[in-house]
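Structure file query.txt; described as compact mmCIF, C-alpha atoms.
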# COMPACT_ATOMS: atom_id res chain seq x y z
CA MET A 993 0.00 0.00 0.00
CA THR A 994 1.41 3.40 -0.95
CA ARG A 995 1.41 6.37 1.38
CA ASP A 996 -1.35 7.99 -0.68
CA GLU A 997 -3.48 4.86 -0.60
CA PHE A 998 -3.03 4.63 3.14
CA ALA A 999 -3.86 8.33 3.51
CA GLN A 1000 -7.05 7.96 1.52
CA LEU A 1001 -8.15 5.01 3.62
CA ALA A 1002 -7.04 6.32 7.00
CA LEU A 1003 -8.52 9.78 6.54
CA SER A 1004 -11.89 8.24 5.74
CA TYR A 1005 -11.89 7.00 9.37
CA LEU A 1006 -10.85 10.32 10.90
CA GLU A 1007 -14.32 11.20 12.18
CA GLU A 1008 -14.84 7.76 13.72
CA VAL A 1009 -11.44 7.84 15.40
CA THR A 1010 -12.27 11.32 16.68
CA ALA A 1011 -15.55 10.09 18.16
CA TYR A 1012 -13.69 7.17 19.75
CA ALA A 1013 -11.01 9.47 21.19
CA ARG A 1014 -13.70 11.75 22.60
CA ARG A 1015 -15.10 8.78 24.49
CA LEU A 1016 -11.68 7.76 25.76
CA CYS A 1017 -10.55 11.19 26.96
CA ARG A 1018 -11.93 13.56 29.51
CA THR A 1019 -11.38 16.73 27.54
CA GLY A 1020 -11.65 17.74 23.93
CA TRP A 1021 -8.05 18.95 23.99
CA ASP A 1022 -6.82 15.54 25.10
CA ALA A 1023 -8.97 13.86 22.46
CA ASP A 1024 -7.72 16.12 19.67
CA ASP A 1025 -4.13 15.54 20.73
CA LEU A 1026 -4.79 11.81 20.85
CA VAL A 1027 -6.23 11.82 17.32
CA GLN A 1028 -3.25 13.73 15.93
CA THR A 1029 -0.77 11.46 17.66
CA ALA A 1030 -2.60 8.33 16.51
CA PHE A 1031 -2.61 9.43 12.88
CA GLU A 1032 0.98 10.55 13.10
CA GLN A 1033 1.91 7.10 14.39
CA GLY A 1034 -0.27 5.50 11.73
CA PHE A 1035 1.54 7.40 8.98
CA GLN A 1036 4.90 6.45 10.47
CA CYS A 1037 4.24 2.73 10.43
CA PHE A 1038 1.52 2.18 7.84
CA GLU A 1039 3.84 -0.20 6.00
CA ASP A 1040 3.30 -2.63 8.90
CA LEU A 1041 -0.38 -2.80 8.01
CA GLU A 1042 -0.53 -5.90 5.85
CA ASP A 1043 -4.23 -5.96 5.03
CA PRO A 1044 -5.95 -2.65 4.20
CA SER A 1045 -9.26 -4.12 5.34
CA HIS A 1046 -7.87 -4.05 8.90
CA CYS A 1047 -7.01 -0.36 8.72
CA ARG A 1048 -9.99 0.87 10.71
CA ALA A 1049 -9.48 -1.56 13.59
CA TRP A 1050 -5.72 -0.89 13.42
CA LEU A 1051 -6.26 2.87 13.86
CA PHE A 1052 -8.61 2.24 16.77
CA ARG A 1053 -6.02 -0.02 18.36
CA ILE A 1054 -3.27 2.58 17.93
CA THR A 1055 -5.53 5.25 19.42
CA ARG A 1056 -6.39 3.07 22.39
CA ASN A 1057 -2.79 2.04 23.03
CA ILE A 1058 -1.55 5.62 23.02
CA HIS A 1059 -4.35 6.56 25.39
CA ILE A 1060 -3.51 3.73 27.78
CA ASP A 1061 0.20 4.60 27.68
CA ARG A 1062 -0.60 8.17 28.60
CA MET A 1063 -2.91 7.12 31.39
CA ARG A 1064 -0.24 4.81 32.77
CA ARG A 1065 2.24 7.64 32.74
CA LYS A 1066 -0.25 9.69 34.71
CA GLN A 1067 -0.53 6.86 37.25
CA ALA A 1068 -3.85 5.49 36.02
CA ARG A 1069 -6.59 7.97 36.51
CA PRO A 1070 -9.60 6.56 38.33
CA GLU A 1071 -11.87 6.61 35.29
CA LEU A 1072 -9.72 4.01 33.58
CA ARG A 1073 -10.69 0.72 35.19
CA LEU A 1074 -8.69 -2.13 33.80
CA VAL A 1075 -9.85 -4.76 36.26
CA GLU A 1076 -13.05 -6.61 35.58
CA PRO A 1077 -15.37 -6.07 38.53
CA THR A 1078 -16.66 -9.63 38.45
CA ASP A 1079 -16.26 -12.78 36.42
CA ARG A 1080 -19.64 -14.23 37.10
CA LEU A 1081 -22.86 -13.36 35.40
CA ALA A 1082 -25.14 -11.81 37.98
CA PRO A 1083 -28.85 -12.59 37.73
CA GLU A 1084 -30.38 -10.38 35.10
CA ARG A 1085 -33.66 -8.48 35.18
CA VAL A 1086 -35.61 -8.62 31.96
CA VAL A 1087 -36.22 -5.17 30.58
CA SER A 1088 -39.07 -4.61 28.13
CA PRO A 1089 -38.13 -3.78 24.54
CA GLU A 1090 -40.69 -0.96 24.65
CA ALA A 1091 -38.83 0.65 27.55
CA VAL A 1092 -35.60 0.48 25.55
CA GLU A 1093 -37.24 2.02 22.51
CA ARG A 1094 -38.49 4.93 24.61
CA LEU A 1095 -34.99 5.77 25.84
CA THR A 1096 -33.58 9.13 24.89
CA ALA A 1097 -29.95 9.37 23.78
CA GLN A 1098 -29.12 11.14 27.06
CA GLU A 1099 -30.68 8.36 29.15
CA LEU A 1100 -28.82 5.75 27.16
CA GLU A 1101 -25.53 7.61 27.52
CA ALA A 1102 -26.13 7.90 31.26
CA ALA A 1103 -26.72 4.14 31.50
CA LEU A 1104 -23.61 3.44 29.41
CA ALA A 1105 -21.58 5.73 31.64
CA ARG A 1106 -22.42 3.52 34.60
CA LEU A 1107 -21.01 0.38 32.98
CA PRO A 1108 -17.57 -0.88 33.98
CA GLU A 1109 -15.04 0.57 31.53
CA GLN A 1110 -14.18 -2.67 29.76
CA GLN A 1111 -17.80 -3.63 29.25
CA ARG A 1112 -18.70 -0.19 27.95
CA GLU A 1113 -15.76 -0.25 25.58
CA ALA A 1114 -16.63 -3.68 24.22
CA VAL A 1115 -20.32 -2.94 23.67
CA LEU A 1116 -19.56 0.42 22.02
CA LEU A 1117 -16.98 -1.09 19.69
CA CYS A 1118 -19.51 -3.75 18.77
CA ASP A 1119 -22.75 -1.80 18.50
CA LEU A 1120 -21.69 1.76 17.79
CA TRP A 1121 -18.78 1.10 15.43
CA GLY A 1122 -19.86 -2.34 14.23
CA PHE A 1123 -16.63 -4.23 14.84
CA ARG A 1124 -16.66 -8.04 14.84
CA TYR A 1125 -15.61 -9.84 18.01
CA ALA A 1126 -12.24 -10.78 16.48
CA GLU A 1127 -11.55 -7.14 15.65
CA ILE A 1128 -12.52 -6.00 19.15
CA ALA A 1129 -10.20 -8.68 20.52
CA ALA A 1130 -7.38 -7.25 18.40
CA ILE A 1131 -8.14 -3.66 19.40
CA THR A 1132 -8.39 -4.39 23.11
CA ASP A 1133 -5.76 -7.12 23.18
CA VAL A 1134 -7.87 -9.83 24.83
CA PRO A 1135 -9.14 -13.22 23.61
CA VAL A 1136 -12.35 -13.39 21.57
CA GLY A 1137 -14.07 -15.28 24.37
CA THR A 1138 -13.42 -12.40 26.73
CA VAL A 1139 -14.95 -9.99 24.25
CA ARG A 1140 -18.01 -12.17 24.00
CA SER A 1141 -18.39 -12.26 27.78
CA ARG A 1142 -17.84 -8.55 28.18
CA ILE A 1143 -20.47 -7.67 25.61
CA SER A 1144 -22.97 -10.08 27.13
CA ARG A 1145 -22.28 -8.73 30.60
CA ALA A 1146 -22.56 -5.16 29.34
CA ARG A 1147 -26.01 -5.83 27.94
CA SER A 1148 -27.13 -7.60 31.10
CA GLU A 1149 -25.78 -4.75 33.16
CA LEU A 1150 -27.51 -2.18 30.99
CA ALA A 1151 -30.77 -4.08 31.37
CA ARG A 1152 -30.28 -4.10 35.12
CA ILE A 1153 -29.57 -0.38 35.19
CA LEU A 1154 -32.59 0.33 33.04
CA VAL A 1155 -34.99 -1.53 35.31
CA GLY A 1156 -33.63 0.44 38.21
CA ASP A 1157 -31.79 -2.28 40.12
CA GLN A 1158 -28.53 -0.65 41.19
CA LYS A 1159 -27.73 -2.91 44.11
CA THR A 1160 -25.79 -5.69 42.41
CA PRO A 1161 -22.01 -5.92 42.91
CA ALA A 1162 -21.30 -5.40 39.21
CA ALA A 1163 -23.43 -2.29 39.00
CA ASN A 1164 -21.84 -0.84 42.10
CA ALA A 1165 -18.38 -1.56 40.77
CA GLY A 1166 -19.35 0.27 37.57
CA ASP A 1167 -20.32 3.31 39.61
CA LYS A 1168 -16.95 3.78 41.22
CA SER A 1169 -15.04 6.73 39.92
CA MET B 504 -31.77 -20.59 36.44
CA SER B 505 -31.91 -22.66 33.28
CA CYS B 506 -31.95 -19.36 31.34
CA GLN B 507 -28.55 -18.31 32.68
CA LYS B 508 -26.57 -20.19 30.06
CA TYR B 509 -28.60 -18.61 27.26
CA ILE B 510 -27.91 -15.02 28.27
CA GLU B 511 -24.50 -14.97 26.62
CA LEU B 512 -25.91 -16.82 23.63
CA VAL B 513 -28.58 -14.14 23.14
CA SER B 514 -25.85 -11.55 22.87
CA ALA B 515 -23.60 -13.57 20.56
CA HIS B 516 -26.58 -14.53 18.38
CA LEU B 517 -27.58 -10.87 17.96
CA ASP B 518 -24.06 -9.99 16.87
CA GLY B 519 -23.94 -12.87 14.38
CA GLU B 520 -21.18 -14.48 16.42
CA ALA B 521 -22.95 -17.63 17.65
CA THR B 522 -22.12 -20.97 16.08
CA GLU B 523 -24.76 -22.82 14.10
CA GLN B 524 -25.34 -25.24 16.98
CA GLU B 525 -25.62 -22.42 19.50
CA ARG B 526 -28.13 -20.66 17.29
CA LYS B 527 -30.27 -23.81 17.07
CA ASP B 528 -30.10 -24.36 20.84
CA LEU B 529 -31.10 -20.78 21.50
CA GLU B 530 -33.99 -20.83 19.05
CA ALA B 531 -35.33 -24.02 20.60
CA HIS B 532 -35.10 -22.49 24.07
CA VAL B 533 -36.64 -19.16 23.05
CA ASP B 534 -39.64 -21.00 21.58
CA ASP B 535 -40.47 -22.24 25.08
CA CYS B 536 -39.28 -19.38 27.24
CA ALA B 537 -41.18 -16.09 27.30
CA ASP B 538 -38.49 -14.42 29.44
CA CYS B 539 -35.75 -15.21 26.95
CA ARG B 540 -37.95 -14.11 24.06
CA GLN B 541 -38.35 -10.75 25.76
CA ARG B 542 -34.66 -10.71 26.64
CA LEU B 543 -33.78 -11.24 22.99
CA GLN B 544 -36.16 -8.48 21.85
CA ALA B 545 -34.87 -6.08 24.48
CA ALA B 546 -31.23 -6.84 23.65
CA ARG B 547 -32.00 -6.26 19.98
CA ALA B 548 -33.65 -2.91 20.82
CA LEU B 549 -30.68 -2.00 23.00
CA LYS B 550 -28.21 -2.86 20.26
CA HIS B 551 -30.23 -0.76 17.84
CA ALA B 552 -30.36 2.14 20.32
CA VAL B 553 -26.59 2.12 20.90
CA ALA B 554 -26.01 1.92 17.14
CA GLY B 555 -28.05 5.11 16.82
CA LEU B 556 -25.65 7.15 18.97
CA PRO B 557 -23.18 9.35 17.09
CA GLY B 558 -20.18 7.25 16.07
CA ARG B 559 -18.55 9.97 14.00
CA GLN B 560 -17.44 13.39 15.03
CA ALA B 561 -15.75 15.97 12.88
CA PRO B 562 -12.48 17.08 14.48
CA PRO B 563 -11.71 20.80 14.77
CA GLU B 564 -10.51 22.25 11.46
CA ALA B 565 -6.98 22.75 12.76
CA VAL B 566 -6.75 19.06 13.73
CA GLN B 567 -8.23 17.98 10.43
CA ALA B 568 -5.81 20.16 8.48
CA ARG B 569 -2.80 18.87 10.45
CA VAL B 570 -3.82 15.25 10.02
CA GLU B 571 -4.44 15.73 6.32
CA MET B 572 -1.04 17.33 5.89
CA LEU B 573 0.61 14.19 7.31
CA ARG B 574 0.13 12.53 3.93
CA PHE B 575 2.44 15.03 2.31
CA ARG B 576 5.10 14.85 4.97
CA ALA B 577 8.08 12.59 4.58
CA ARG B 578 9.14 10.51 7.56
CA ALA B 579 10.17 13.15 10.07
CA PRO B 580 13.61 13.12 11.64
CA HIS B 581 12.16 14.47 14.91
CA SER B 582 11.45 12.21 17.81
CA ARG B 583 7.78 11.25 18.04
CA ARG B 584 7.32 13.28 21.18
CA GLY B 585 8.99 16.30 19.60
CA LEU B 586 6.85 16.08 16.52
CA ARG B 587 3.73 15.64 18.58
CA ARG B 588 4.54 18.74 20.55
CA LEU B 589 5.13 20.58 17.31
CA LEU B 590 1.79 19.42 15.95
CA VAL B 591 -0.09 20.21 19.11
CA GLY B 592 1.55 23.63 19.33
CA ALA B 593 0.76 24.37 15.71
CA ALA B 594 -2.83 23.21 16.16
CA ILE B 595 -3.31 25.35 19.24
CA ALA B 596 -1.75 28.33 17.47
CA ALA B 597 -3.98 27.75 14.44
CA CYS B 598 -7.06 27.58 16.66
CA LEU B 599 -6.12 30.73 18.55
CA LEU B 600 -5.28 32.64 15.39
CA GLY B 601 -8.43 31.39 13.70
CA ALA B 602 -10.55 32.42 16.66
CA LEU B 603 -8.85 35.84 16.77
CA ALA B 604 -9.31 36.34 13.05
CA ILE B 605 -12.97 35.46 13.24
CA GLU B 606 -13.52 37.59 16.30
CA ARG B 607 -11.90 40.65 14.77
CA GLY B 608 -13.31 40.09 11.31
CA LEU B 609 -9.88 40.35 9.76
CA LEU B 610 -9.93 40.25 6.02
CA HIS B 611 -6.30 40.58 5.11
CA PRO B 612 -4.75 37.56 3.38
CA GLU B 613 -4.89 34.52 5.62
CA PRO B 614 -1.95 32.23 4.93
CA ARG B 615 -3.45 29.37 6.92
CA LEU B 616 -6.74 29.53 5.07
CA ALA B 617 -4.90 29.53 1.76
CA ASP B 618 -2.76 26.58 2.89
CA GLU B 619 -5.88 24.71 3.96
CA LEU B 620 -7.62 25.33 0.62
CA ILE B 621 -4.53 24.27 -1.31
CA ALA B 622 -4.15 21.16 0.86
CA ASN B 623 -7.79 20.30 0.18
CA HIS B 624 -7.27 20.85 -3.52
CA MET B 625 -4.25 18.53 -3.49
CA LYS B 626 -6.30 15.95 -1.62
CA TYR B 627 -9.36 15.93 -3.83
CA VAL B 628 -7.95 16.59 -7.23
CA PRO B 629 -5.88 13.37 -7.56
CA GLU B 630 -9.30 11.76 -7.06
CA ALA B 631 -8.25 10.41 -3.71
CA MET B 632 -11.72 11.47 -2.64
CA PRO B 633 -14.35 11.31 -5.36
CA ALA B 634 -16.85 14.04 -6.10
CA GLU B 635 -20.16 13.57 -4.31
CA VAL B 636 -21.91 14.77 -7.43
CA ALA B 637 -20.15 14.01 -10.71
CA SER B 638 -21.75 15.93 -13.55
CA ASP B 639 -20.96 18.62 -16.09
CA ASN B 640 -24.55 19.87 -15.80
CA PRO B 641 -24.55 23.02 -13.61
CA GLY B 642 -28.25 22.59 -12.78
CA GLU B 643 -27.71 19.07 -11.49
CA VAL B 644 -24.70 20.09 -9.41
CA GLN B 645 -26.61 23.09 -8.05
CA ARG B 646 -29.53 20.85 -7.01
CA PHE B 647 -27.11 18.62 -5.10
CA PHE B 648 -26.04 21.55 -2.92
CA THR B 649 -29.53 22.94 -2.34
CA GLY B 650 -30.35 22.72 1.35
CA LYS B 651 -26.85 21.44 2.18
CA VAL B 652 -25.15 24.84 2.39
CA PRO B 653 -26.46 27.85 4.33
CA PHE B 654 -26.97 30.00 1.20
CA ASP B 655 -28.43 29.67 -2.29
CA PRO B 656 -25.86 27.53 -4.07
CA VAL B 657 -24.29 28.69 -7.31
CA VAL B 658 -22.38 26.84 -10.00
CA PRO B 659 -20.41 29.40 -12.01
CA ARG B 660 -19.25 28.76 -15.58
CA LEU B 661 -15.53 29.38 -15.87
CA PRO B 662 -14.44 30.33 -19.42
CA GLY B 663 -12.78 27.41 -21.19
CA ALA B 664 -13.22 25.11 -18.17
CA ARG B 665 -15.37 22.00 -17.96
CA LEU B 666 -17.40 21.36 -14.83
CA LEU B 667 -16.57 17.94 -13.32
CA GLY B 668 -18.80 17.96 -10.24
CA GLY B 669 -18.55 18.89 -6.61
CA ARG B 670 -18.72 17.92 -3.01
CA LEU B 671 -19.76 19.45 0.24
CA CYS B 672 -16.85 20.54 2.37
CA ARG B 673 -16.33 22.20 5.71
CA ILE B 674 -13.80 24.99 6.03
CA ARG B 675 -13.32 26.43 9.50
CA GLY B 676 -16.70 25.16 10.59
CA ASP B 677 -18.63 26.56 7.62
CA ARG B 678 -20.33 24.33 5.12
CA GLU B 679 -19.17 25.36 1.67
CA GLN B 680 -19.51 24.26 -1.91
CA LEU B 681 -16.40 22.73 -3.46
CA LEU B 682 -16.67 22.61 -7.24
CA PHE B 683 -14.25 20.80 -9.53
CA TYR B 684 -13.32 21.94 -13.02
CA GLU B 685 -10.88 20.91 -15.71
CA ARG B 686 -9.19 23.37 -18.00
CA GLY B 687 -6.53 22.39 -20.52
CA GLY B 688 -5.67 19.22 -18.58
CA THR B 689 -5.41 21.09 -15.27
CA LYS B 690 -7.80 20.57 -12.41
CA LEU B 691 -9.25 23.55 -10.57
CA SER B 692 -11.14 23.72 -7.27
CA LEU B 693 -13.60 26.50 -6.56
CA TYR B 694 -14.80 27.04 -2.98
CA VAL B 695 -18.02 29.01 -2.58
CA SER B 696 -18.82 30.34 0.86
CA SER B 697 -21.15 32.81 2.52
CA ARG B 698 -18.25 33.75 4.81
CA GLN B 699 -16.23 36.80 3.79
CA ARG B 700 -12.86 35.68 2.48
CA PRO B 701 -9.81 37.60 1.27
CA THR B 702 -9.87 38.70 -2.35
CA SER B 703 -6.11 38.57 -2.69
CA CYS B 704 -3.95 35.75 -4.09
CA ARG B 705 -1.46 33.48 -2.42
CA ALA B 706 0.99 30.88 -3.73
CA LYS B 707 2.35 27.67 -2.24
CA ASN B 708 4.11 24.66 -3.72
CA GLY B 709 3.35 25.79 -7.25
CA TYR B 710 -0.34 26.27 -6.53
CA HIS B 711 -2.18 29.56 -6.40
CA VAL B 712 -5.36 30.47 -4.59
CA CYS B 713 -7.27 33.65 -5.48
CA GLY B 714 -10.35 35.14 -3.88
CA HIS B 715 -13.27 36.93 -5.48
CA GLU B 716 -16.62 38.29 -4.32
CA ARG B 717 -19.84 37.92 -6.26
CA GLY B 718 -23.45 38.28 -5.17
CA GLY B 719 -22.59 38.35 -1.48
CA LEU B 720 -20.63 35.09 -1.73
CA SER B 721 -16.90 34.48 -1.60
CA TRP B 722 -15.26 32.42 -4.30
CA MET B 723 -11.80 30.98 -3.79
CA LEU B 724 -10.25 29.39 -6.88
CA VAL B 725 -7.29 27.02 -6.50
CA GLY B 726 -5.07 25.45 -9.15
CA ASP B 727 -1.50 25.01 -10.33
CA VAL B 728 -1.90 27.83 -12.82
CA ALA B 729 -0.62 31.40 -12.80
CA GLU B 730 -2.20 33.93 -10.50
CA GLY B 731 -3.22 36.16 -13.42
CA GLU B 732 -5.02 33.28 -15.08
CA LEU B 733 -7.01 32.52 -11.91
CA ARG B 734 -7.95 36.18 -11.59
CA THR B 735 -9.13 36.29 -15.21
CA LEU B 736 -11.19 33.12 -14.75
CA LEU B 737 -12.86 34.57 -11.67
CA ARG B 738 -13.55 37.92 -13.32
CA ARG B 739 -15.02 36.37 -16.44
CA ALA B 740 -17.00 33.66 -14.70
CA SER B 741 -20.71 33.70 -15.47
CA LEU B 742 -23.72 32.36 -13.60
Same coordinates, now as structure tokens:
Amino acid sequence: MTRDEFAQLALSYLEEVTAYARRLCRTGWDADDLVQTAFEQGFQCFEDLEDPSHCRAWLFRITRNIHIDRMRRKQARPELRLVEPTDRLAPERVVSPEAVERLTAQELEAALARLPEQQREAVLLCDLWGFRYAEIAAITDVPVGTVRSRISRARSELARILVGDQKTPAANAGDKS
Amino acid sequence: MSCQKYIELVSAHLDGEATEQERKDLEAHVDDCADCRQRLQAARALKHAVAGLPGRQAPPEAVQARVEMLRFRARAPHSRRGLRRLLVGAAIAACLLGALAIERGLLHPEPRLADELIANHMKYVPEAMPAEVASDNPGEVQRFFTGKVPFDPVVPRLPGARLLGGRLCRIRGDREQLLFYERGGTKLSLYVSSRQRPTSCRAKNGYHVCGHERGGLSWMLVGDVAEGELRTLLRRASL
């Protein structure tokens, strides 16, 4: 792939990477800096990208890795929770599809914000950006089975939040900040 | 409790990630279990709702311009951190200068605007990004822009130039028309904006950009042709 071909492809994902960075970072400045650094790094090592069809996931992975490196240098801010709060599936409440359909974007964002970081990340990569489990595994550097569990747990947790049960261990862990 | 093992399957099934056997098991279970039927419907609605959130966000113009310029930059000898600082500093400076310029309504030649327009021209003209409307029919191209830009769109005729099409673009937060032309084997880009722009000319890397005002709109013509030629094209353009 030539530099121009990479540029054409990579720049078509700029707005998605920006939206992703905005969700990773606390401030717009941090997010903008993250986007610039990620693309700079992408342009520096695009020759390592063997399959152009992986470019989008590759840029997301670069963005995420830079973000994590920075957070580590800042001694892991509290909003970045890298430890799964629980490995077991807590009993789930069944939420009605009608209740979900009535949700406003703000209510949904508020519910997502209460998920543990890794669950929120997995479900957003899957549902918002449409990545396959294998791609999410590559972006987040975990096995596919873990991705599958995280997404399932995220949806269960969201259902629990939406029916108003905030007393389970997983939900409480997701609230810590 | 027997539903517990199907919860993860519901999720994987919705994402098209369940195996054939898992899908069959789940379907058999859902036929007999009202809770899991509802769980499946709710999870589907939830997936749909999350998919409806904004997954794209335009970066600030300064960031966009800097990222787009990376394609033209050879591998930098700076350290990554040094280059990043340079980029961030330049972006911040561009933002501050842009904000100042807008606030004060400055109309003297804006080198950064010219650079941005030329960079855009270099990006689009090699057909790296195709036109959103490809037509030599001015009426058709004009219809494409109607309602997409905050002014009545225009598609000028440039003497001796053939209209190729256009695309919507965003310059410093404003939605503008970007029209493509070909003249004697050379591609030209014409930006039409309701924002006041400089009417002077500027050169960079062999390209020129010249501004012109007509009917309350600003036209900025870009191409690797002489400044005088761009000025003549703008002056003789007809609507």
- Separation of atom CA of Ile674 of chain B from atom CA of Val658 of chain B in Å: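 Result for atom CA of Val658 of chain B versus atom CA of Ile674 of chain B: 18.3 Å, one decimal.
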- Message: Distance limit 6 Å, atoms considered: all atoms listed in the file. Which chain B residues sit that close to chain A? Return them as a list in words.
- Response: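 Only these qualify: Glu511, Ser514, Arg542, Gln544, Ala545, Ala548, Lys550, Val553, Ala554, Gly558, Arg559, Gln560, Ala561, Arg574 and Ala631 of chain B.
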- Task: In the coordinate frame of the file, compute which residues have an atom within 8 Å of (-3.2, 28.3, 1.4) when using only C-alpha atoms, and state them as a PyMOL selection string.
- Result: chain B and resi 613-622+705-707+711-712
- Query: To one decimal place, how far is atom CA of Ala546 of chain B from atom CA of Gly1137 of chain A in Å?
  - Reply: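 Atom-to-atom, atom CA of Ala546 of chain B and atom CA of Gly1137 of chain A are spaced 19.1 Å apart.
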- Task: Identify, on the basis of only C-alpha atoms, every residue whose closest approach to Cys536 of chain B does not exceed 12 Å; exclude the query and any residue fewer than 4 positions from it along the same chain; express the result as a count of residues only.
- Result: 12
- Tell me, in Å to one decimal, how far atom CA of Pro1108 of chain A is from atom CA of Pro562 of chain B.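 These two atoms are separated by 27.0 Å.
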Which neighbours of Pro656 of chain B fall inside 10 Å, counting all atoms listed in the file, when residues of the same chain fewer than 5 positions from it are skipped, and could you give them as a PDB file with C-alpha atoms, in the coordinates of the input?
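What follows is the written file around.pdb:
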ATOM      1  CA  VAL B 644     -24.700  20.090  -9.410  1.00  0.00           C
ATOM      2  CA  GLN B 645     -26.610  23.090  -8.050  1.00  0.00           C
ATOM      3  CA  ARG B 646     -29.530  20.850  -7.010  1.00  0.00           C
ATOM      4  CA  PHE B 647     -27.110  18.620  -5.100  1.00  0.00           C
ATOM      5  CA  PHE B 648     -26.040  21.550  -2.920  1.00  0.00           C
ATOM      6  CA  THR B 649     -29.530  22.940  -2.340  1.00  0.00           C
ATOM      7  CA  GLY B 650     -30.350  22.720   1.350  1.00  0.00           C
ATOM      8  CA  LYS B 651     -26.850  21.440   2.180  1.00  0.00           C
ATOM      9  CA  GLU B 679     -19.170  25.360   1.670  1.00  0.00           C
ATOM     10  CA  GLN B 680     -19.510  24.260  -1.910  1.00  0.00           C
ATOM     11  CA  VAL B 695     -18.020  29.010  -2.580  1.00  0.00           C
ATOM     12  CA  SER B 696     -18.820  30.340   0.860  1.00  0.00           C
ATOM     13  CA  SER B 697     -21.150  32.810   2.520  1.00  0.00           C
ATOM     14  CA  LEU B 720     -20.630  35.090  -1.730  1.00  0.00           C
TER      15      LEU B 720
END
- Task: Step by step: start from the point (-5.8, 1.7, 22.2) in the file's coordinates, keep every protein, DNA or RNA residue that has an atom no farther than 10 Å from it, count only C-alpha atoms, and write the set as a PyMOL selection string.
- Result: chain A and resi 1012-1013+1016+1030+1049-1061+1130-1133
